[in-house]
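Source file: upload_1.txt. Holds: compact mmCIF, C-alpha atoms.
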# COMPACT_ATOMS: atom_id res chain seq x y z
CA MET A 1 0.00 0.00 0.00
CA GLU A 2 2.85 2.36 0.77
CA VAL A 3 4.24 1.96 -2.75
CA ASN A 4 0.81 2.74 -4.20
CA MET A 5 0.56 5.93 -2.13
CA ARG A 6 4.06 7.06 -3.15
CA PHE A 7 3.12 6.43 -6.78
CA LEU A 8 -0.04 8.50 -6.35
CA LYS A 9 1.83 11.32 -4.60
CA LYS A 10 4.35 11.46 -7.47
CA HIS A 11 1.63 11.57 -10.17
CA GLU A 12 -1.29 13.20 -8.36
CA ASP A 13 -2.17 15.51 -11.27
CA SER A 14 -2.43 12.75 -13.89
CA LEU A 15 -5.86 11.22 -14.52
CA MET A 16 -4.49 7.90 -15.75
CA HIS A 17 -2.05 7.58 -12.85
CA ARG A 18 -4.84 8.35 -10.38
CA ALA A 19 -7.05 5.75 -12.08
CA ALA A 20 -4.26 3.16 -11.89
CA ALA A 21 -3.67 3.92 -8.20
CA ALA A 22 -7.42 3.70 -7.53
CA GLU A 23 -7.65 0.36 -9.32
CA MET A 24 -4.74 -1.06 -7.33
CA LEU A 25 -6.19 0.23 -4.06
CA TYR A 26 -9.52 -1.43 -4.84
CA LEU A 27 -7.93 -4.71 -5.94
CA LEU A 28 -5.66 -4.89 -2.90
CA GLU A 29 -8.30 -3.73 -0.42
CA PRO A 30 -11.85 -4.15 -1.78
CA ASN A 31 -13.29 -2.62 1.40
CA LYS A 32 -11.74 0.73 0.33
CA LYS A 33 -13.86 1.00 -2.82
CA ALA A 34 -15.28 4.40 -1.81
CA GLU A 35 -11.79 5.79 -1.23
CA ALA A 36 -10.62 4.41 -4.58
CA LEU A 37 -13.57 5.96 -6.41
CA LYS A 38 -12.87 9.26 -4.69
CA LEU A 39 -9.32 9.22 -6.10
CA ILE A 40 -10.78 9.15 -9.60
CA GLU A 41 -13.71 11.49 -9.05
CA ASP A 42 -11.55 14.11 -7.33
CA SER A 43 -9.32 14.39 -10.40
CA SER A 44 -9.24 17.81 -11.98
CA ASN A 45 -8.94 18.57 -15.67
CA ASN A 46 -6.25 21.25 -15.56
CA MET A 47 -5.31 23.67 -18.29
CA VAL A 48 -2.05 22.82 -20.01
CA PRO A 49 -0.13 25.67 -21.65
CA ILE A 50 1.00 24.99 -25.19
CA ASN A 51 2.99 27.10 -27.63
CA GLY A 52 0.62 27.95 -30.41
CA ALA A 53 -2.28 30.02 -31.57
CA LEU A 54 -4.87 27.96 -29.71
CA GLY A 55 -3.61 28.87 -26.25
CA PRO A 56 -3.95 26.52 -23.31
CA VAL A 57 -5.97 23.33 -23.62
CA LEU A 58 -7.48 20.94 -21.09
CA GLU A 59 -5.25 18.07 -20.04
CA TRP A 60 -7.63 15.11 -20.32
CA LYS A 61 -7.87 13.24 -23.58
CA LEU A 62 -11.03 11.53 -24.79
CA LYS A 63 -9.38 8.09 -24.89
CA ASP A 64 -8.31 8.47 -21.24
CA CYS A 65 -11.81 9.42 -20.13
CA VAL A 66 -13.24 6.44 -22.03
CA ALA A 67 -10.69 4.14 -20.35
CA VAL A 68 -11.64 5.48 -16.90
CA HIS A 69 -15.35 5.03 -17.69
CA ARG A 70 -14.72 1.41 -18.69
CA LEU A 71 -12.72 0.91 -15.49
CA LEU A 72 -15.62 2.22 -13.41
CA GLU A 73 -18.07 -0.07 -15.20
CA GLY A 74 -15.89 -3.15 -15.61
CA VAL A 75 -13.58 -3.32 -12.58
CA PHE A 76 -15.41 -1.31 -9.95
CA LEU A 77 -18.84 -2.48 -11.20
CA ASP A 78 -20.28 0.83 -10.05
CA LYS A 79 -23.02 2.06 -12.38
CA ASP A 80 -23.58 5.26 -10.37
CA ALA A 81 -19.91 6.29 -10.50
CA ALA A 82 -19.78 5.40 -14.21
CA SER A 83 -22.88 7.49 -14.84
CA ARG A 84 -21.45 10.48 -12.97
CA TRP A 85 -18.20 10.13 -14.93
CA LYS A 86 -20.11 9.96 -18.22
CA VAL A 87 -21.96 13.20 -17.43
CA ARG A 88 -18.74 14.91 -16.41
CA CYS A 89 -16.89 13.86 -19.56
CA ALA A 90 -19.85 14.73 -21.80
CA ALA A 91 -19.39 18.32 -20.63
CA TYR A 92 -15.71 18.28 -21.66
CA PHE A 93 -16.22 16.35 -24.90
CA ARG A 94 -19.42 17.81 -26.31
CA TYR A 95 -18.96 16.10 -29.70
CA SER A 96 -18.31 12.63 -28.24
CA THR A 97 -20.80 9.97 -29.24
CA TYR A 98 -19.39 7.67 -26.53
CA PHE A 99 -20.33 10.12 -23.77
CA GLU A 100 -23.35 11.42 -25.70
CA GLY A 101 -22.10 14.98 -25.51
CA SER A 102 -24.53 17.82 -26.15
CA ASN A 103 -23.24 18.36 -29.71
CA SER A 104 -22.73 14.70 -30.61
CA TRP A 105 -24.54 12.89 -33.36
CA ALA A 106 -25.89 10.46 -30.75
CA VAL A 107 -27.83 13.29 -29.08
CA SER A 108 -28.92 14.78 -32.41
CA SER A 109 -30.06 11.37 -33.61
CA ASN A 110 -32.06 10.80 -30.42
CA TYR A 111 -33.59 14.23 -30.83
CA LEU A 112 -34.56 13.50 -34.41
CA ASN A 113 -36.07 10.15 -33.49
CA SER A 114 -38.15 11.68 -30.71
CA THR A 115 -39.38 14.78 -32.55
CA HIS A 116 -39.88 13.43 -36.05
CA GLN A 117 -42.19 10.50 -35.42
CA ASN A 118 -43.97 8.96 -38.35
CA SER A 119 -47.73 9.24 -38.46
CA GLU A 120 -50.09 6.35 -39.12
CA ASN A 121 -49.60 6.58 -42.88
CA GLY A 122 -45.78 6.45 -42.58
CA VAL A 123 -45.20 10.08 -43.54
CA ASN A 124 -43.04 12.27 -41.33
CA SER A 125 -45.43 14.36 -39.25
CA HIS A 126 -43.15 17.43 -38.94
CA THR A 127 -42.83 18.48 -42.56
CA GLU A 128 -43.82 21.76 -44.09
CA VAL A 129 -46.76 21.90 -46.46
CA GLY A 130 -45.62 21.07 -49.98
CA GLN A 131 -42.26 19.63 -48.86
CA PRO A 132 -41.56 15.91 -49.21
CA ALA A 133 -40.67 14.18 -45.94
CA SER A 134 -37.25 13.15 -47.27
CA SER A 135 -36.18 16.79 -47.72
CA VAL A 136 -36.12 17.59 -43.98
CA ALA A 137 -32.80 17.20 -42.17
CA ILE A 138 -31.44 18.25 -38.80
CA ASN A 139 -29.45 21.09 -40.39
CA GLY A 140 -32.20 22.39 -42.64
CA LYS A 141 -33.73 21.60 -45.99
CA LEU A 142 -31.80 19.51 -48.48
CA GLU A 143 -34.35 20.37 -51.17
CA ALA A 144 -32.31 23.48 -51.98
CA PHE A 145 -29.45 21.28 -53.22
CA LYS A 146 -31.46 19.03 -55.57
CA ASP A 147 -30.29 20.87 -58.71
CA LEU A 148 -26.64 21.12 -57.64
CA LYS A 149 -24.26 19.77 -60.31
CA ILE A 150 -20.71 18.69 -59.56
Whole structure given in structure tokens:
Amino acid sequence: MEVNMRFLKKHEDSLMHRAAAAEMLYLLEPNKKAEALKLIEDSSNNMVPINGALGPVLEWKLKDCVAVHRLLEGVFLDKDAASRWKVRCAAYFRYSTYFEGSNSWAVSSNYLNSTHQNSENGVNSHTEVGQPASSVAINGKLEAFKDLKI
């Protein structure tokens, strides 16, 4: 346990190192599951300065957040912690379909499926008068492009 704590102290700002330390803590002492989860959930996504026009960026990478989510679901078997992590990462990665971020296709697709229900006759019920159902898209009308030649 002492080695695990020294490892954590040395890498306390790294999400993946914290996740590894939490996993080892849980595997070595299953009764400390809450403490191990706290190690992960107390991680902070710090700004990292870079030399470039973009300025500083957040430290966490999408693949790391996905790995931590899978750890919470697969090793810790904690649906609540995994759900909280998913919500947290969806805020950082708004275009992520894995976390169903607010700007992801997964959210847009769910929105489309819930708002554009077919009526009894199979025609999309949210079309404008005179517009075929196939011409309505999430970003607008595709009908305007029907005569486009490439």
As a check of understanding: the span from atom CA of Ala81 of chain A to atom CA of His69 of chain A is 8.6 Å
Among listed residues A:Ser102, A:Arg6, A:Lys33, A:Ser44, nearest Leu72 of chain A (using all atoms listed in the file) =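 Checking each candidate against Leu72 of chain A, we get A:Lys33 as the closest.
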Expressed in Å, the length from atom CA of Val57 of chain A to atom CA of Asn4 of chain A is 29.1 Å
Among A:Glu29, A:Asp42, A:Glu12, A:Glu35, Trp85 of chain A is approached most closely, using all atoms listed in the file, by A:Asp42
Of A:Cys65, A:Pro30, A:Leu39, A:Phe99, the one nearest to Leu77 of chain A when counting all atoms listed in the file is A:Pro30
* Asked: Could you name the residues that touch Val3 of chain A at 12 Å or less, counting all atoms listed in the file, but leaving out those on the same chain fewer than 5 positions away, as JSON, numbers by chain?
  -> {"A": [8, 9, 10, 21, 24, 25]}
Next item on the list: Find the residues around Ala22 of chain A up to 7 Å (only C-alpha atoms counted), leave out those fewer than 4 positions away in its own chain, and share them as a PyMOL selection string.
Entry: chain A and resi 18+26+36-37+39-40
